[in-house]
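What follows is a set of notes on a single structure, which appears directly below.
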Amino acid sequence: MNLRLHPVPTIVEAPLHALIEQRRIARIASGAALAAAVHAGLRLPVAWSAEPREASETHFEELARAVPADIDVIYGIGGGLAADAAKYVAWRRSLPLALIPTALSVDAHFTWVSGVRRNGCVAYLDTGPAQVVYADDGFLAHAPPHLRAAGVCDLLSIATALHDWRYAEERAMNPPEQRYTPWVAMAAQAILDGAITVAEAAGRGDPEGIRELLRLLALEVQLCNLIGHSRPEEGSEHYLAYALEAHPLIGSGHAHGDLVGPAILRAAAWQGQHVAPLEQALIQAGVPLDRVPETVMQEVIRELPSYVRHHHLAFSTAHDL
């Protein structure tokens, strides 16, 4: 098996006002996030700019084609949508990429894929990672409370994803390239333990807590890079979040953590896990747990086995609900 190992981006921790750039920049940024970064002192010589509207391959391709020919570098500023759009554009235009997160709300700034929506589910395109992520810990510590540490969801999901990965292995449902590996599971468990420990400090905006959350997110992505898949951190909890997003009463307007957070608790419950530590960490991190009406949650869970089979998602406990 040929395994292509992607690196995580270089992480540069510095105030936004200290960032100096001489190249011609194409900026892809979410409006509110960009305003916050500019208010914090970010000054970049932007030659072209766009705001991503949706996480679709068609829209990302439109952005890529619109970038002028004389651009030297792509900058993505904001959350997961801006990061995924910028990764796609940089890949299509063969340009270097720098990302500036405005909240640690997802792990997307460190991954080598761009998430797009296809037929009511999430698909991942291999676009490659950014070369550098600029992180201003003080700025990140003052992000909106419901976003500030919501990236902890992509770490707490290890609890349910590891269970799913082992469950699939016991039923001989893992393909050879995704065989359950005990040492990987142990490493992922250590990251999960770190996330539970750091959730409170990161959630209240302690700069050291933010710094530790940043490192844990990069470490989680690096572990997945090393093995070539994301089974240690993505399982039935993410599948439930994807299905919730596809529901007409929910839609794509919610932050990543708004759906993944509650989904972690539901998946942990049907797996028979101890839910309290995960729930406490989510609350401490400021992740909203009340954004999905209970009637919708129950409806989507009932349909989840059909959903995961229809979209050919990796085998999990959701398949056997």
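Please note that chains go A, B, ... in the order of the structure tokens, that every chain numbers its residues from 1, and that ligands are numbered from 1 in the order shown.
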Who sits within 12 Å of Pro182 (chain A), only C-alpha atoms, same chain under 4 positions skipped, as a PyMOL selection string: chain A and resi 162+165-166+169+186-189+232
Can you check which residues of region 73-254 of chain A DSSP gives as strand (DSSP E or B) on the backbone and send them as a list in words?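 Across region 73-254 of chain A, those assigned strand (DSSP E or B) are Val73, Ile74, Tyr75, Gly76, Ile77, Gly78, Leu97, Ala98, Leu99, Ile100, Pro101, Val113, Ser114, Gly115, Val116, Arg117, Arg118, Cys121, Val122, Ala123, Tyr124, Leu125, Asp126, Val132, Val133, Tyr134 and Ala135 of chain A.
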Selected residues, N, CA, C and O atoms, written as a compact mmCIF listing (two decimals), in the first residue's frame, please.
```txt
# COMPACT_ATOMS: atom_id res chain seq x y z
N VAL A 73 -0.32 34.36 -3.56
CA VAL A 73 -0.62 33.54 -2.38
C VAL A 73 -2.11 33.69 -2.04
O VAL A 73 -2.71 34.75 -2.26
N ILE A 74 -2.69 32.62 -1.50
CA ILE A 74 -4.07 32.63 -1.02
C ILE A 74 -4.05 32.74 0.50
O ILE A 74 -3.29 32.03 1.17
N TYR A 75 -4.90 33.60 1.02
CA TYR A 75 -5.12 33.68 2.46
C TYR A 75 -6.57 33.31 2.75
O TYR A 75 -7.49 33.85 2.11
N GLY A 76 -6.79 32.43 3.70
CA GLY A 76 -8.12 32.11 4.18
C GLY A 76 -8.27 32.61 5.60
O GLY A 76 -7.46 32.29 6.47
N ILE A 77 -9.32 33.40 5.85
CA ILE A 77 -9.50 34.03 7.16
C ILE A 77 -10.91 33.71 7.66
O ILE A 77 -11.90 34.03 6.99
N GLY A 78 -11.01 33.08 8.82
CA GLY A 78 -12.31 32.77 9.38
C GLY A 78 -12.35 31.37 9.93
O GLY A 78 -11.35 30.83 10.43
N LEU A 97 -0.64 28.62 0.43
CA LEU A 97 -1.82 28.95 1.23
C LEU A 97 -1.44 29.26 2.67
O LEU A 97 -0.69 28.51 3.30
N ALA A 98 -1.99 30.35 3.18
CA ALA A 98 -1.89 30.69 4.60
C ALA A 98 -3.30 30.82 5.17
O ALA A 98 -4.19 31.35 4.51
N LEU A 99 -3.50 30.30 6.37
CA LEU A 99 -4.80 30.36 7.02
C LEU A 99 -4.70 31.12 8.33
O LEU A 99 -3.72 30.97 9.07
N ILE A 100 -5.72 31.91 8.60
CA ILE A 100 -5.80 32.65 9.86
C ILE A 100 -7.13 32.30 10.52
O ILE A 100 -8.18 32.81 10.13
N PRO A 101 -7.13 31.41 11.51
CA PRO A 101 -8.38 31.12 12.21
C PRO A 101 -8.79 32.30 13.08
O PRO A 101 -7.94 32.95 13.69
N VAL A 113 -7.77 18.20 3.68
CA VAL A 113 -8.96 18.03 2.85
C VAL A 113 -9.86 19.26 2.95
O VAL A 113 -9.79 20.02 3.91
N SER A 114 -10.70 19.41 1.93
CA SER A 114 -11.77 20.42 1.96
C SER A 114 -13.10 19.70 2.00
O SER A 114 -13.38 18.85 1.15
N GLY A 115 -13.91 20.03 2.98
CA GLY A 115 -15.23 19.42 3.10
C GLY A 115 -16.24 20.13 2.21
O GLY A 115 -16.36 21.35 2.25
N VAL A 116 -16.96 19.35 1.39
CA VAL A 116 -18.02 19.90 0.55
C VAL A 116 -19.29 19.09 0.77
O VAL A 116 -19.23 17.94 1.23
N ARG A 117 -20.42 19.70 0.46
CA ARG A 117 -21.70 19.01 0.62
C ARG A 117 -22.13 18.44 -0.72
O ARG A 117 -22.15 19.15 -1.73
N ARG A 118 -22.46 17.13 -0.69
CA ARG A 118 -22.94 16.44 -1.88
C ARG A 118 -24.17 15.62 -1.51
O ARG A 118 -24.08 14.71 -0.67
N CYS A 121 -24.85 15.12 2.22
CA CYS A 121 -23.81 14.55 3.08
C CYS A 121 -22.52 15.33 2.85
O CYS A 121 -22.44 16.19 1.96
N VAL A 122 -21.52 15.05 3.66
CA VAL A 122 -20.22 15.70 3.54
C VAL A 122 -19.26 14.78 2.81
O VAL A 122 -19.15 13.59 3.14
N ALA A 123 -18.58 15.31 1.81
CA ALA A 123 -17.53 14.59 1.10
C ALA A 123 -16.24 15.38 1.28
O ALA A 123 -16.26 16.61 1.42
N TYR A 124 -15.11 14.67 1.27
CA TYR A 124 -13.82 15.31 1.49
C TYR A 124 -12.96 15.22 0.24
O TYR A 124 -12.75 14.14 -0.31
N LEU A 125 -12.47 16.37 -0.20
CA LEU A 125 -11.61 16.46 -1.38
C LEU A 125 -10.16 16.61 -0.92
O LEU A 125 -9.85 17.44 -0.06
N ASP A 126 -9.28 15.83 -1.52
CA ASP A 126 -7.86 15.86 -1.16
C ASP A 126 -7.21 17.08 -1.82
O ASP A 126 -6.74 17.00 -2.95
N VAL A 132 1.03 27.35 6.16
CA VAL A 132 1.20 28.00 7.46
C VAL A 132 -0.16 28.39 8.02
O VAL A 132 -1.07 28.75 7.27
N VAL A 133 -0.28 28.29 9.33
CA VAL A 133 -1.43 28.80 10.06
C VAL A 133 -0.93 29.86 11.03
O VAL A 133 -0.04 29.58 11.85
N TYR A 134 -1.46 31.06 10.91
CA TYR A 134 -1.10 32.14 11.82
C TYR A 134 -2.12 32.18 12.95
O TYR A 134 -3.32 32.35 12.71
N ALA A 135 -1.64 32.02 14.17
CA ALA A 135 -2.53 31.95 15.34
C ALA A 135 -2.16 33.03 16.35
O ALA A 135 -1.04 33.03 16.88
```
10 Å contact set for region 259-275 of chain A, only C-alpha atoms, chain neighbours under 2 positions out, as an mmCIF file with C-alpha atoms, in the first residue's frame:
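Done, and the output landed in out-v5.cif:
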```cif
data_model
loop_
_atom_site.group_PDB
_atom_site.id
_atom_site.type_symbol
_atom_site.label_atom_id
_atom_site.label_comp_id
_atom_site.auth_asym_id
_atom_site.auth_seq_id
_atom_site.Cartn_x
_atom_site.Cartn_y
_atom_site.Cartn_z
ATOM 1 C CA ALA A 150 -15.936 24.556 19.825
ATOM 2 C CA GLY A 151 -13.084 22.754 18.078
ATOM 3 C CA VAL A 152 -13.024 20.574 21.176
ATOM 4 C CA CYS A 153 -15.849 18.673 19.436
ATOM 5 C CA ASP A 154 -13.349 17.334 16.901
ATOM 6 C CA LEU A 156 -14.217 14.717 22.076
ATOM 7 C CA SER A 157 -15.536 12.859 19.021
ATOM 8 C CA ILE A 158 -12.584 10.514 19.557
ATOM 9 C CA ALA A 159 -14.632 8.890 22.341
ATOM 10 C CA THR A 160 -17.371 7.726 19.980
ATOM 11 C CA ALA A 161 -15.208 7.314 16.875
ATOM 12 C CA HIS A 163 -15.762 2.864 19.782
ATOM 13 C CA ASP A 164 -17.072 2.718 16.202
ATOM 14 C CA TYR A 167 -16.894 -2.125 16.660
ATOM 15 C CA GLY A 235 -17.584 8.092 13.352
ATOM 16 C CA SER A 236 -21.291 7.907 14.033
ATOM 17 C CA GLU A 237 -21.300 11.241 15.880
ATOM 18 C CA HIS A 238 -20.175 13.071 12.724
ATOM 19 C CA TYR A 239 -22.578 11.011 10.611
ATOM 20 C CA LEU A 240 -25.430 12.122 12.849
ATOM 21 C CA ALA A 241 -24.284 15.743 12.515
ATOM 22 C CA TYR A 242 -24.205 15.412 8.707
ATOM 23 C CA ALA A 243 -27.708 13.977 8.709
ATOM 24 C CA LEU A 244 -28.940 16.735 11.006
ATOM 25 C CA GLU A 245 -27.493 19.387 8.709
ATOM 26 C CA ILE A 250 -31.794 22.501 10.542
ATOM 27 C CA HIS A 254 -25.242 26.207 12.179
ATOM 28 C CA ALA A 255 -21.668 26.181 13.436
ATOM 29 C CA HIS A 256 -19.898 22.828 13.334
ATOM 30 C CA GLY A 257 -20.022 22.383 17.103
ATOM 31 C CA PRO A 277 -17.515 13.669 31.315
ATOM 32 C CA LEU A 278 -18.156 14.430 27.639
ATOM 33 C CA GLU A 279 -21.188 16.567 28.438
ATOM 34 C CA GLN A 280 -19.308 18.487 31.117
ATOM 35 C CA LEU A 282 -18.786 20.422 26.046
ATOM 36 C CA ILE A 283 -20.532 22.742 28.489
ATOM 37 C CA VAL A 287 -20.585 24.400 22.967
ATOM 38 C CA PRO A 288 -24.367 24.913 22.644
ATOM 39 C CA LEU A 289 -26.309 21.708 23.279
ATOM 40 C CA ASP A 290 -29.813 23.070 22.612
ATOM 41 C CA ARG A 291 -29.694 23.998 18.918
ATOM 42 C CA VAL A 292 -31.460 20.840 17.676
ATOM 43 C CA MET A 297 -33.071 14.656 16.732
ATOM 44 C CA GLN A 298 -35.267 11.596 17.252
ATOM 45 C CA ILE A 301 -31.640 9.089 14.593
ATOM 46 C CA THR A 317 -22.666 1.587 15.437
ATOM 47 C CA ALA A 318 -25.006 3.896 13.490
ATOM 48 C CA LEU A 321 -29.190 1.131 15.427
#
```
What is the CA of Glu170 (chain A) to CA of Asp320 (chain A) distance in Å? 13.5 Å
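Between CA of Asp137 (chain A) and CA of Gly79 (chain A) the interatomic distance comes to 15.1 Å.
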Show me, as a PyMOL selection string, the residues that have an atom within 12 Å of Ala37 (chain A) when counting only C-alpha atoms, minus same-chain residues fewer than 3 positions from it. chain A and resi 15-17+19+29-34+40-44+76-79+100-103+134-136+138-140+142-143
Which of A:Arg211, A:Gln178, A:Leu104, A:Leu216 sits closest to Leu155 (chain A) [using only C-alpha atoms]: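 Result for the nearest residue to Leu155 (chain A): A:Leu216.
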Using only C-alpha atoms, which protein or nucleic acid residues come within 10 Å of Ala26 (chain A)? Drop anything in the same chain fewer than 2 positions from it, and give the result as a list in words.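 So the residues in contact are Arg23, Arg24, Ile28, Ala29, Pro45, Val46, Ala47, Trp48, Ser49, Ala50, Val67, Pro68, Asp70, Ile71, Asp72, Val73, Ile74, Tyr75, Gly76, Ala86, Val89, Ala90 and Leu97 of chain A.
Between Gly209 (chain A) and the residues A:Ala190, A:Ala18, A:Leu223, A:Ala149, the shortest atom-to-atom distance, using only C-alpha atoms, involves A:Ala149.
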Leaving out Val198 (chain A) and any residue of its chain fewer than 4 positions from it, which residues lie within 7 Å of it when counting only C-alpha atoms, given as a list in words?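 So the residues in contact are Gly194, Ala202, Gly209, Glu212 and Leu213 of chain A.
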Please write the residues from the selection above to a file, keeping all heavy atoms, as an mmCIF file, in the first residue's frame.
```cif
data_model
loop_
_atom_site.group_PDB
_atom_site.id
_atom_site.type_symbol
_atom_site.label_atom_id
_atom_site.label_comp_id
_atom_site.auth_asym_id
_atom_site.auth_seq_id
_atom_site.Cartn_x
_atom_site.Cartn_y
_atom_site.Cartn_z
ATOM 1 N N GLY A 194 -6.603 14.803 26.987
ATOM 2 C CA GLY A 194 -6.131 16.187 27.017
ATOM 3 C C GLY A 194 -7.242 17.176 26.731
ATOM 4 O O GLY A 194 -7.309 18.242 27.343
ATOM 5 N N ALA A 202 -9.940 26.613 27.954
ATOM 6 C CA ALA A 202 -10.149 27.124 26.597
ATOM 7 C C ALA A 202 -11.510 27.790 26.479
ATOM 8 O O ALA A 202 -11.652 28.842 25.842
ATOM 9 C CB ALA A 202 -10.013 25.990 25.589
ATOM 10 N N GLY A 209 -5.044 27.972 27.798
ATOM 11 C CA GLY A 209 -6.000 26.953 27.392
ATOM 12 C C GLY A 209 -6.221 26.950 25.892
ATOM 13 O O GLY A 209 -6.323 25.898 25.255
ATOM 14 N N GLU A 212 -3.208 25.325 24.281
ATOM 15 C CA GLU A 212 -3.227 23.875 24.403
ATOM 16 C C GLU A 212 -4.257 23.250 23.456
ATOM 17 O O GLU A 212 -4.007 22.205 22.846
ATOM 18 C CB GLU A 212 -3.536 23.482 25.850
ATOM 19 C CG GLU A 212 -2.403 23.765 26.824
ATOM 20 C CD GLU A 212 -1.124 23.037 26.435
ATOM 21 O OE1 GLU A 212 -1.177 21.817 26.210
ATOM 22 O OE2 GLU A 212 -0.077 23.708 26.331
ATOM 23 N N LEU A 213 -5.411 23.884 23.318
ATOM 24 C CA LEU A 213 -6.418 23.385 22.386
ATOM 25 C C LEU A 213 -5.882 23.421 20.955
ATOM 26 O O LEU A 213 -6.102 22.484 20.179
ATOM 27 C CB LEU A 213 -7.696 24.218 22.496
ATOM 28 C CG LEU A 213 -8.840 23.845 21.544
ATOM 29 C CD1 LEU A 213 -9.239 22.375 21.695
ATOM 30 C CD2 LEU A 213 -10.043 24.753 21.768
#
```
Among listed residues A:Glu177, A:Glu220, A:Glu54, A:Glu62, nearest Leu192 (chain A) (using only C-alpha atoms):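 Counting only C-alpha atoms, the residue closest to Leu192 (chain A) is A:Glu220.
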May I ask which of the residues A:Val296, A:Ala246, A:Ala201, A:Leu313 is the closest one to Ala141 (chain A), counting only C-alpha atoms? A:Ala201
Can you tell me how far CA of Arg53 (chain A) sits from CA of Asp107 (chain A), in Å to one decimal? 19.7 Å
